[in-house]
$ cat model.cif   # mmCIF, C-alpha atoms, pLDDT in the B column; chains and numbers go by the auth columns
data_query
loop_
_atom_site.group_PDB
_atom_site.id
_atom_site.type_symbol
_atom_site.label_atom_id
_atom_site.label_comp_id
_atom_site.label_asym_id
_atom_site.label_seq_id
_atom_site.Cartn_x
_atom_site.Cartn_y
_atom_site.Cartn_z
_atom_site.B_iso_or_equiv
_atom_site.auth_seq_id
_atom_site.auth_asym_id
ATOM 1 C CA MET A 1 0.000 0.000 0.000 96.00 957 A
ATOM 2 C CA LYS A 2 1.391 3.380 -1.021 97.00 958 A
ATOM 3 C CA MET A 3 1.633 6.137 1.578 98.00 959 A
ATOM 4 C CA MET A 4 -0.775 8.964 0.715 98.00 960 A
ATOM 5 C CA GLY A 5 -0.200 12.536 1.815 98.00 961 A
ATOM 6 C CA LEU A 6 -3.376 14.466 2.654 98.00 962 A
ATOM 7 C CA ILE A 7 -3.438 18.270 2.721 98.00 963 A
ATOM 8 C CA GLY A 8 -6.507 19.042 4.803 97.00 964 A
ATOM 9 C CA GLY A 9 -8.163 21.559 7.070 96.00 965 A
ATOM 10 C CA MET A 10 -10.079 23.388 4.295 96.00 966 A
ATOM 11 C CA SER A 11 -12.341 22.847 6.180 94.00 967 A
ATOM 12 C CA TRP A 12 -11.586 20.166 8.761 95.00 968 A
ATOM 13 C CA GLU A 13 -15.268 19.184 8.537 93.00 969 A
ATOM 14 C CA SER A 14 -14.815 17.779 5.031 93.00 970 A
ATOM 15 C CA THR A 15 -11.284 16.556 5.753 96.00 971 A
ATOM 16 C CA ALA A 16 -12.790 14.309 8.435 95.00 972 A
ATOM 17 C CA LEU A 17 -15.027 12.831 5.711 95.00 973 A
ATOM 18 C CA TYR A 18 -11.977 12.136 3.560 97.00 974 A
ATOM 19 C CA TYR A 19 -10.271 10.304 6.408 97.00 975 A
ATOM 20 C CA ARG A 20 -13.345 8.210 7.152 97.00 976 A
ATOM 21 C CA ILE A 21 -14.102 7.331 3.530 97.00 977 A
ATOM 22 C CA ILE A 22 -10.490 6.439 2.768 98.00 978 A
ATOM 23 C CA ASN A 23 -10.195 4.110 5.725 98.00 979 A
ATOM 24 C CA GLU A 24 -13.614 2.547 5.126 97.00 980 A
ATOM 25 C CA GLN A 25 -12.639 1.863 1.524 96.00 981 A
ATOM 26 C CA VAL A 26 -9.339 0.259 2.507 97.00 982 A
ATOM 27 C CA LYS A 27 -11.071 -1.929 5.076 97.00 983 A
ATOM 28 C CA GLN A 28 -13.733 -2.904 2.540 96.00 984 A
ATOM 29 C CA GLN A 29 -11.167 -3.873 -0.088 95.00 985 A
ATOM 30 C CA LEU A 30 -8.539 -5.530 2.108 96.00 986 A
ATOM 31 C CA GLY A 31 -10.681 -6.744 5.003 96.00 987 A
ATOM 32 C CA GLY A 32 -9.692 -7.456 8.565 95.00 988 A
ATOM 33 C CA LEU A 33 -8.086 -4.630 10.499 97.00 989 A
ATOM 34 C CA HIS A 34 -6.594 -2.922 7.462 97.00 990 A
ATOM 35 C CA SER A 35 -6.562 0.880 7.326 97.00 991 A
ATOM 36 C CA ALA A 36 -4.886 3.416 5.067 98.00 992 A
ATOM 37 C CA ARG A 37 -1.223 4.348 5.269 97.00 993 A
ATOM 38 C CA SER A 38 -1.457 8.115 5.329 98.00 994 A
ATOM 39 C CA LEU A 39 0.088 11.343 6.486 98.00 995 A
ATOM 40 C CA MET A 40 -1.983 14.495 6.992 98.00 996 A
ATOM 41 C CA TYR A 41 -0.923 18.119 7.023 98.00 997 A
ATOM 42 C CA SER A 42 -3.915 20.118 8.236 98.00 998 A
ATOM 43 C CA VAL A 43 -3.686 23.872 7.709 98.00 999 A
ATOM 44 C CA ASP A 44 -5.405 26.673 9.619 97.00 1000 A
ATOM 45 C CA PHE A 45 -8.332 27.475 7.315 96.00 1001 A
ATOM 46 C CA HIS A 46 -8.704 30.943 8.837 96.00 1002 A
ATOM 47 C CA GLU A 47 -5.402 31.937 7.230 97.00 1003 A
ATOM 48 C CA ILE A 48 -6.283 30.380 3.880 97.00 1004 A
ATOM 49 C CA GLU A 49 -9.765 31.951 3.752 96.00 1005 A
ATOM 50 C CA LYS A 50 -8.357 35.430 4.419 97.00 1006 A
ATOM 51 C CA LEU A 51 -5.925 35.010 1.527 97.00 1007 A
ATOM 52 C CA GLN A 52 -8.737 33.767 -0.743 96.00 1008 A
ATOM 53 C CA VAL A 53 -10.849 36.841 -0.053 94.00 1009 A
ATOM 54 C CA ALA A 54 -7.841 39.130 -0.568 97.00 1010 A
ATOM 55 C CA GLY A 55 -6.977 37.443 -3.851 96.00 1011 A
ATOM 56 C CA GLU A 56 -3.555 36.467 -2.477 97.00 1012 A
ATOM 57 C CA TRP A 57 -3.550 33.091 -4.219 97.00 1013 A
ATOM 58 C CA GLN A 58 0.222 32.975 -4.657 97.00 1014 A
ATOM 59 C CA GLN A 59 0.738 33.274 -0.902 97.00 1015 A
ATOM 60 C CA ALA A 60 -1.969 30.693 -0.181 97.00 1016 A
ATOM 61 C CA GLY A 61 -0.376 28.402 -2.748 97.00 1017 A
ATOM 62 C CA GLU A 62 2.991 28.667 -1.039 98.00 1018 A
ATOM 63 C CA ILE A 63 1.442 27.552 2.254 98.00 1019 A
ATOM 64 C CA LEU A 64 0.055 24.452 0.535 98.00 1020 A
ATOM 65 C CA ALA A 65 3.283 23.889 -1.392 98.00 1021 A
ATOM 66 C CA ASN A 66 5.164 23.854 1.919 98.00 1022 A
ATOM 67 C CA ALA A 67 2.619 21.370 3.252 98.00 1023 A
ATOM 68 C CA ALA A 68 3.258 19.146 0.232 98.00 1024 A
ATOM 69 C CA ARG A 69 7.009 19.369 0.769 98.00 1025 A
ATOM 70 C CA SER A 70 6.558 18.283 4.375 98.00 1026 A
ATOM 71 C CA LEU A 71 4.431 15.312 3.322 98.00 1027 A
ATOM 72 C CA GLU A 72 6.964 14.277 0.695 98.00 1028 A
ATOM 73 C CA LYS A 73 9.782 14.446 3.248 98.00 1029 A
ATOM 74 C CA GLY A 74 7.628 12.338 5.585 98.00 1030 A
ATOM 75 C CA GLY A 75 7.386 9.558 3.022 98.00 1031 A
ATOM 76 C CA ALA A 76 4.176 10.333 1.110 98.00 1032 A
ATOM 77 C CA GLU A 77 4.149 8.830 -2.388 98.00 1033 A
ATOM 78 C CA PHE A 78 1.370 11.045 -3.762 98.00 1034 A
ATOM 79 C CA ILE A 79 -0.603 14.110 -2.654 98.00 1035 A
ATOM 80 C CA VAL A 80 -4.356 14.461 -2.101 98.00 1036 A
ATOM 81 C CA LEU A 81 -5.469 18.077 -1.720 98.00 1037 A
ATOM 82 C CA CYS A 82 -8.715 17.703 0.250 97.00 1038 A
ATOM 83 C CA THR A 83 -10.553 20.677 -1.248 96.00 1039 A
ATOM 84 C CA ASN A 84 -11.860 21.783 -4.637 95.00 1040 A
ATOM 85 C CA THR A 85 -11.242 25.522 -4.474 96.00 1041 A
ATOM 86 C CA MET A 86 -7.553 25.364 -3.651 97.00 1042 A
ATOM 87 C CA HIS A 87 -6.879 23.308 -6.762 96.00 1043 A
ATOM 88 C CA LYS A 88 -6.571 26.808 -8.225 96.00 1044 A
ATOM 89 C CA VAL A 89 -2.959 26.589 -6.964 97.00 1045 A
ATOM 90 C CA ALA A 90 -2.415 22.965 -8.023 97.00 1046 A
ATOM 91 C CA ASP A 91 0.516 23.944 -10.236 96.00 1047 A
ATOM 92 C CA GLN A 92 2.339 25.542 -7.293 97.00 1048 A
ATOM 93 C CA ILE A 93 1.965 22.300 -5.376 98.00 1049 A
ATOM 94 C CA THR A 94 3.105 20.027 -8.194 97.00 1050 A
ATOM 95 C CA ASP A 95 6.073 22.309 -8.905 97.00 1051 A
ATOM 96 C CA ALA A 96 7.163 22.042 -5.268 98.00 1052 A
ATOM 97 C CA VAL A 97 7.457 18.236 -5.074 98.00 1053 A
ATOM 98 C CA GLU A 98 8.558 15.229 -7.099 98.00 1054 A
ATOM 99 C CA ILE A 99 5.529 13.099 -6.206 98.00 1055 A
ATOM 100 C CA PRO A 100 2.217 13.362 -8.126 97.00 1056 A
ATOM 101 C CA LEU A 101 -0.918 15.253 -7.129 98.00 1057 A
ATOM 102 C CA LEU A 102 -4.215 13.399 -7.570 97.00 1058 A
ATOM 103 C CA HIS A 103 -6.282 16.226 -9.120 96.00 1059 A
ATOM 104 C CA ILE A 104 -9.903 16.344 -7.945 96.00 1060 A
ATOM 105 C CA ALA A 105 -11.248 17.777 -11.218 95.00 1061 A
ATOM 106 C CA ASP A 106 -9.590 15.022 -13.253 95.00 1062 A
ATOM 107 C CA ALA A 107 -11.027 12.329 -10.991 96.00 1063 A
ATOM 108 C CA THR A 108 -14.483 13.900 -11.243 96.00 1064 A
ATOM 109 C CA ALA A 109 -14.276 14.358 -15.019 96.00 1065 A
ATOM 110 C CA GLN A 110 -13.450 10.674 -15.451 96.00 1066 A
ATOM 111 C CA ARG A 111 -16.555 9.621 -13.478 96.00 1067 A
ATOM 112 C CA ILE A 112 -18.712 11.998 -15.503 97.00 1068 A
ATOM 113 C CA ARG A 113 -17.360 10.645 -18.791 96.00 1069 A
ATOM 114 C CA ASP A 114 -17.855 7.077 -17.600 96.00 1070 A
ATOM 115 C CA ALA A 115 -21.505 7.912 -16.900 96.00 1071 A
ATOM 116 C CA GLY A 116 -21.976 9.305 -20.397 96.00 1072 A
ATOM 117 C CA VAL A 117 -22.933 12.741 -19.091 97.00 1073 A
ATOM 118 C CA LYS A 118 -22.108 15.759 -21.275 96.00 1074 A
ATOM 119 C CA ARG A 119 -23.669 18.716 -19.429 97.00 1075 A
ATOM 120 C CA VAL A 120 -23.452 19.250 -15.678 98.00 1076 A
ATOM 121 C CA GLY A 121 -24.464 21.841 -13.131 97.00 1077 A
ATOM 122 C CA LEU A 122 -21.732 22.962 -10.722 98.00 1078 A
ATOM 123 C CA LEU A 123 -22.307 23.905 -7.082 98.00 1079 A
ATOM 124 C CA ALA A 124 -19.174 25.187 -5.376 96.00 1080 A
ATOM 125 C CA THR A 125 -17.561 28.248 -3.862 96.00 1081 A
ATOM 126 C CA ALA A 126 -17.860 31.428 -5.909 96.00 1082 A
ATOM 127 C CA PHE A 127 -14.161 31.083 -6.770 96.00 1083 A
ATOM 128 C CA THR A 128 -14.730 27.654 -8.302 96.00 1084 A
ATOM 129 C CA MET A 129 -17.997 28.529 -10.033 96.00 1085 A
ATOM 130 C CA GLU A 130 -16.773 31.807 -11.523 96.00 1086 A
ATOM 131 C CA GLN A 131 -13.112 31.187 -12.391 94.00 1087 A
ATOM 132 C CA GLU A 132 -11.743 28.919 -15.102 93.00 1088 A
ATOM 133 C CA PHE A 133 -9.206 26.800 -13.198 94.00 1089 A
ATOM 134 C CA TYR A 134 -11.860 24.137 -12.505 94.00 1090 A
ATOM 135 C CA LYS A 135 -14.517 24.628 -15.194 94.00 1091 A
ATOM 136 C CA GLY A 136 -11.818 24.859 -17.848 93.00 1092 A
ATOM 137 C CA ARG A 137 -10.318 21.565 -16.762 93.00 1093 A
ATOM 138 C CA LEU A 138 -13.716 19.897 -17.086 95.00 1094 A
ATOM 139 C CA ALA A 139 -14.226 21.534 -20.478 94.00 1095 A
ATOM 140 C CA GLN A 140 -10.973 19.962 -21.666 93.00 1096 A
ATOM 141 C CA SER A 141 -12.693 16.622 -21.063 92.00 1097 A
ATOM 142 C CA GLY A 142 -15.636 17.641 -23.243 95.00 1098 A
ATOM 143 C CA ILE A 143 -17.948 18.466 -20.332 96.00 1099 A
ATOM 144 C CA GLU A 144 -20.202 21.534 -20.536 97.00 1100 A
ATOM 145 C CA VAL A 145 -20.575 23.253 -17.166 97.00 1101 A
ATOM 146 C CA LEU A 146 -23.587 25.286 -16.050 97.00 1102 A
ATOM 147 C CA VAL A 147 -23.501 27.440 -12.906 97.00 1103 A
ATOM 148 C CA PRO A 148 -26.271 29.222 -10.986 97.00 1104 A
ATOM 149 C CA ASP A 149 -27.102 32.882 -11.673 97.00 1105 A
ATOM 150 C CA ALA A 150 -25.394 35.561 -9.565 97.00 1106 A
ATOM 151 C CA PRO A 151 -27.870 35.454 -6.634 97.00 1107 A
ATOM 152 C CA GLY A 152 -27.739 31.653 -6.687 97.00 1108 A
ATOM 153 C CA ARG A 153 -23.934 31.638 -6.668 97.00 1109 A
ATOM 154 C CA LYS A 154 -23.925 33.979 -3.666 97.00 1110 A
ATOM 155 C CA THR A 155 -26.378 31.745 -1.807 97.00 1111 A
ATOM 156 C CA VAL A 156 -24.349 28.613 -2.489 97.00 1112 A
ATOM 157 C CA HIS A 157 -21.089 30.322 -1.502 97.00 1113 A
ATOM 158 C CA ASP A 158 -22.412 31.934 1.680 97.00 1114 A
ATOM 159 C CA ILE A 159 -23.922 28.686 2.952 97.00 1115 A
ATOM 160 C CA ILE A 160 -20.591 26.923 2.436 96.00 1116 A
ATOM 161 C CA TYR A 161 -18.521 29.450 4.389 95.00 1117 A
ATOM 162 C CA GLN A 162 -21.040 30.619 6.985 96.00 1118 A
ATOM 163 C CA GLU A 163 -22.585 27.234 7.770 97.00 1119 A
ATOM 164 C CA LEU A 164 -21.077 24.062 6.308 95.00 1120 A
ATOM 165 C CA CYS A 165 -17.438 24.906 7.090 94.00 1121 A
ATOM 166 C CA LEU A 166 -18.600 25.441 10.681 94.00 1122 A
ATOM 167 C CA GLY A 167 -20.501 22.148 10.803 93.00 1123 A
ATOM 168 C CA ILE A 168 -23.897 23.884 10.724 96.00 1124 A
ATOM 169 C CA ILE A 169 -26.537 21.946 8.773 96.00 1125 A
ATOM 170 C CA ARG A 170 -29.865 23.755 8.246 96.00 1126 A
ATOM 171 C CA GLY A 171 -33.009 22.486 6.583 96.00 1127 A
ATOM 172 C CA GLU A 172 -33.656 25.948 5.151 97.00 1128 A
ATOM 173 C CA SER A 173 -30.305 25.894 3.407 97.00 1129 A
ATOM 174 C CA ARG A 174 -30.985 22.436 1.987 97.00 1130 A
ATOM 175 C CA ALA A 175 -34.246 23.783 0.555 97.00 1131 A
ATOM 176 C CA GLN A 176 -32.383 26.675 -1.077 97.00 1132 A
ATOM 177 C CA TYR A 177 -29.870 24.287 -2.633 97.00 1133 A
ATOM 178 C CA ARG A 178 -32.698 22.111 -3.903 97.00 1134 A
ATOM 179 C CA GLU A 179 -34.261 25.105 -5.659 97.00 1135 A
ATOM 180 C CA ILE A 180 -30.939 26.024 -7.266 98.00 1136 A
ATOM 181 C CA ILE A 181 -30.363 22.434 -8.370 98.00 1137 A
ATOM 182 C CA ALA A 182 -33.852 22.342 -9.926 97.00 1138 A
ATOM 183 C CA GLU A 183 -33.089 25.547 -11.851 97.00 1139 A
ATOM 184 C CA LEU A 184 -29.876 24.037 -13.245 98.00 1140 A
ATOM 185 C CA VAL A 185 -31.753 20.893 -14.285 97.00 1141 A
ATOM 186 C CA GLU A 186 -34.348 23.062 -15.998 97.00 1142 A
ATOM 187 C CA GLN A 187 -31.513 24.714 -17.935 97.00 1143 A
ATOM 188 C CA GLY A 188 -30.371 21.315 -19.189 97.00 1144 A
ATOM 189 C CA ALA A 189 -28.009 19.909 -16.553 97.00 1145 A
ATOM 190 C CA GLU A 190 -27.956 16.106 -16.781 98.00 1146 A
ATOM 191 C CA ALA A 191 -26.214 15.810 -13.414 98.00 1147 A
ATOM 192 C CA ILE A 192 -24.914 18.008 -10.596 98.00 1148 A
ATOM 193 C CA ILE A 193 -21.343 18.245 -9.342 97.00 1149 A
ATOM 194 C CA LEU A 194 -21.070 18.832 -5.610 97.00 1150 A
ATOM 195 C CA GLY A 195 -17.932 20.828 -6.331 95.00 1151 A
ATOM 196 C CA CYS A 196 -17.097 21.829 -2.798 93.00 1152 A
ATOM 197 C CA THR A 197 -16.077 19.127 -0.367 92.00 1153 A
ATOM 198 C CA GLU A 198 -18.462 20.449 2.322 94.00 1154 A
ATOM 199 C CA ILE A 199 -21.626 20.314 0.191 96.00 1155 A
ATOM 200 C CA THR A 200 -21.964 16.572 0.703 93.00 1156 A
ATOM 201 C CA LEU A 201 -22.698 17.377 4.357 94.00 1157 A
ATOM 202 C CA LEU A 202 -25.938 19.046 3.215 96.00 1158 A
ATOM 203 C CA VAL A 203 -27.074 17.685 -0.149 96.00 1159 A
ATOM 204 C CA LYS A 204 -28.054 14.045 -0.696 95.00 1160 A
ATOM 205 C CA ALA A 205 -29.250 12.047 -3.700 95.00 1161 A
ATOM 206 C CA GLU A 206 -32.912 12.626 -2.821 96.00 1162 A
ATOM 207 C CA ASP A 207 -32.398 16.394 -3.146 97.00 1163 A
ATOM 208 C CA ALA A 208 -32.020 16.207 -6.917 96.00 1164 A
ATOM 209 C CA SER A 209 -33.907 14.665 -9.832 97.00 1165 A
ATOM 210 C CA VAL A 210 -30.610 13.920 -11.613 97.00 1166 A
ATOM 211 C CA PRO A 211 -27.446 12.079 -10.491 97.00 1167 A
ATOM 212 C CA LEU A 212 -25.015 13.794 -8.118 97.00 1168 A
ATOM 213 C CA PHE A 213 -21.256 13.612 -8.479 97.00 1169 A
ATOM 214 C CA ASP A 214 -19.890 13.921 -4.939 96.00 1170 A
ATOM 215 C CA THR A 215 -16.328 15.162 -5.373 95.00 1171 A
ATOM 216 C CA THR A 216 -15.351 14.257 -1.801 94.00 1172 A
ATOM 217 C CA LEU A 217 -16.363 10.640 -2.307 96.00 1173 A
ATOM 218 C CA ILE A 218 -14.887 10.425 -5.816 97.00 1174 A
ATOM 219 C CA HIS A 219 -11.549 11.927 -4.769 97.00 1175 A
ATOM 220 C CA ALA A 220 -11.252 9.739 -1.671 97.00 1176 A
ATOM 221 C CA GLU A 221 -12.133 6.593 -3.620 97.00 1177 A
ATOM 222 C CA ASP A 222 -9.558 7.388 -6.291 98.00 1178 A
ATOM 223 C CA ALA A 223 -6.942 8.005 -3.599 98.00 1179 A
ATOM 224 C CA VAL A 224 -7.532 4.473 -2.334 98.00 1180 A
ATOM 225 C CA LYS A 225 -7.331 3.065 -5.872 97.00 1181 A
ATOM 226 C CA LEU A 226 -3.983 4.761 -6.349 97.00 1182 A
ATOM 227 C CA ALA A 227 -2.720 3.638 -2.949 97.00 1183 A
ATOM 228 C CA LEU A 228 -3.616 0.006 -3.638 97.00 1184 A
ATOM 229 C CA ALA A 229 -2.519 -0.064 -7.281 94.00 1185 A
ATOM 230 C CA THR A 230 0.427 -2.341 -7.971 80.00 1186 A
ATOM 231 C CA LYS A 231 3.579 -0.486 -8.899 61.00 1187 A
#
$ encode --input "model.cif" --output "structure tokens"
Amino acid sequence: MKMMGLIGGMSWESTALYYRIINEQVKQQLGGLHSARSLMYSVDFHEIEKLQVAGEWQQAGEILANAARSLEKGGAEFIVLCTNTMHKVADQITDAVEIPLLHIADATAQRIRDAGVKRVGLLATAFTMEQEFYKGRLAQSGIEVLVPDAPGRKTVHDIIYQELCLGIIRGESRAQYREIIAELVEQGAEAIILGCTEITLLVKAEDASVPLFDTTLIHAEDAVKLALATK
């Protein structure tokens, strides 16, 4: 089993899901008392969020690049960045280390292609919904991405940062997400990407009339596949 290096803490609520899913998957596949060989570098999300808002992506990227360097020195054989938004600085991370980064958008795109889906709705932070670092990567795989209108994007973003990242789950917020999902489906979305690792805390399969692609689950499952793959 390869040693995986997890960069977490963005937020720790979703990082805890990664840790649980990864270990459940290893146990399921290997049986017995098996669990994942992993290292985790968990950052202080307060610092990262302030840099996001200020547009200081280079500085935020250097924090994560240093985390990756630490994991590599500790023996990690590949990196899992446990967040969608901060894949904006994926190149800074890959440039800092010799080991590979398992990119969350690539893992998600592969699942979407396998399902035969061509047009998806994206729910994520405003950074991910509005900038091209994520949507553009999906487009390279032939996937058309729809996002909510401006008020919808603000609603999705605010619920992530003001509630989900703090572990707050509200029925009213779930209802708002359901309305936004329905609008995307009406516009032609064949499926919905839960493109922020916290959204899976709130939105479940029954909240949509189309399939959901849970990036937290997909990324964690692919991390286990890579860890268990024969060299």
$ resolve_selection --input "model.cif" --expression "the PyMOL selection byres ((chain A and resi 1163) around 10)" --output "ChimeraX atom specification"
/A:1130-1131,1133-1135,1137-1138,1158-1162,1164-1168
$ residues_around --input "model.cif" --residues "Ala1082 (chain A)" --least-positions-apart "4" --cutoff "10 Å" --atoms "all atoms listed in the file" --output "list in words"
Thr1041, Glu1086, Gln1087, Val1103, Ala1106, Gly1108, Arg1109, Lys1110, Thr1111, Val1112, His1113, Asp1114 and Ile1116 of chain A
$ resolve_selection --input "model.cif" --expression "the PyMOL selection byres ((chain A and resi 1089-1091) around 10)" --output "ChimeraX atom specification"
/A:1040-1046,1060-1062,1078,1083-1088,1092-1096,1099-1103,1151
$ closest_residue --input "model.cif" --among "A:Thr1050, A:Gln1014, A:Cys1121, A:Ala1063" --to "Lys1181 (chain A)" --atoms "only C-alpha atoms"
A:Ala1063
$ residues_around --input "model.cif" --residues "Leu1184 (chain A)" --least-positions-apart "3" --cutoff "10 Å" --atoms "only C-alpha atoms" --output "ChimeraX atom specification"
/A:957-959,982,985-986,992,1178-1181,1187
$ closest_residue --input "model.cif" --among "A:Gly1098, A:Val1141, A:Ile1055, A:Glu1012" --to "Lys1029 (chain A)" --atoms "all atoms listed in the file"
A:Ile1055
$ resolve_selection --input "model.cif" --expression "the PyMOL selection byres ((chain A and resi 1152) around 8)" --output "list of chain:residue names"
A:Thr1039, A:Asn1040, A:Thr1041, A:Leu1079, A:Ala1080, A:Thr1081, A:Leu1150, A:Gly1151, A:Thr1153, A:Glu1154, A:Ile1155, A:Thr1156, A:Thr1171, A:Thr1172
$ closest_residue --input "model.cif" --among "A:Gln1066, A:Ser1129, A:Asn1022, A:Ser970" --to "Val1053 (chain A)" --atoms "all atoms listed in the file"
A:Asn1022
$ decode --input "model.cif" --residues "region 1025-1033 of chain A" --atoms "all heavy atoms" --output "compact mmCIF listing (two decimals), in the first residue's frame"
# COMPACT_ATOMS: atom_id res chain seq x y z
N ARG A 1025 5.60 19.69 0.54
CA ARG A 1025 7.01 19.37 0.77
C ARG A 1025 7.19 18.57 2.06
O ARG A 1025 7.96 17.60 2.11
CB ARG A 1025 7.84 20.65 0.83
CG ARG A 1025 7.97 21.42 -0.47
CD ARG A 1025 8.92 22.60 -0.34
NE ARG A 1025 8.90 23.44 -1.52
CZ ARG A 1025 8.26 24.61 -1.61
NH1 ARG A 1025 7.57 25.07 -0.56
NH2 ARG A 1025 8.30 25.31 -2.73
N SER A 1026 6.47 18.99 3.09
CA SER A 1026 6.56 18.28 4.38
C SER A 1026 6.07 16.84 4.24
O SER A 1026 6.67 15.91 4.79
CB SER A 1026 5.74 19.02 5.44
OG SER A 1026 6.28 20.29 5.72
N LEU A 1027 4.97 16.66 3.51
CA LEU A 1027 4.43 15.31 3.32
C LEU A 1027 5.39 14.45 2.52
O LEU A 1027 5.58 13.26 2.83
CB LEU A 1027 3.07 15.40 2.62
CG LEU A 1027 1.94 16.02 3.46
CD1 LEU A 1027 0.73 16.30 2.58
CD2 LEU A 1027 1.56 15.10 4.62
N GLU A 1028 6.00 15.04 1.50
CA GLU A 1028 6.96 14.28 0.70
C GLU A 1028 8.16 13.85 1.55
O GLU A 1028 8.61 12.70 1.49
CB GLU A 1028 7.43 15.12 -0.49
CG GLU A 1028 8.37 14.38 -1.44
CD GLU A 1028 8.75 15.22 -2.64
OE1 GLU A 1028 8.98 16.44 -2.46
OE2 GLU A 1028 8.83 14.67 -3.75
N LYS A 1029 8.66 14.77 2.36
CA LYS A 1029 9.78 14.45 3.25
C LYS A 1029 9.40 13.36 4.25
O LYS A 1029 10.23 12.57 4.68
CB LYS A 1029 10.25 15.70 3.99
CG LYS A 1029 10.97 16.71 3.11
CD LYS A 1029 11.34 17.95 3.89
CE LYS A 1029 12.02 18.98 3.00
NZ LYS A 1029 12.32 20.26 3.73
N GLY A 1030 8.10 13.33 4.63
CA GLY A 1030 7.63 12.34 5.59
C GLY A 1030 7.41 10.96 4.99
O GLY A 1030 7.11 10.02 5.73
N GLY A 1031 7.52 10.86 3.66
CA GLY A 1031 7.39 9.56 3.02
C GLY A 1031 6.16 9.38 2.15
O GLY A 1031 5.93 8.29 1.62
N ALA A 1032 5.35 10.44 1.98
CA ALA A 1032 4.18 10.33 1.11
C ALA A 1032 4.61 10.05 -0.33
O ALA A 1032 5.60 10.61 -0.81
CB ALA A 1032 3.35 11.61 1.16
N GLU A 1033 3.83 9.20 -1.00
CA GLU A 1033 4.15 8.83 -2.39
C GLU A 1033 3.26 9.54 -3.39
O GLU A 1033 3.53 9.51 -4.59
CB GLU A 1033 4.05 7.31 -2.55
CG GLU A 1033 5.10 6.58 -1.70
CD GLU A 1033 4.91 5.08 -1.71
OE1 GLU A 1033 5.28 4.45 -2.72
OE2 GLU A 1033 4.37 4.56 -0.71
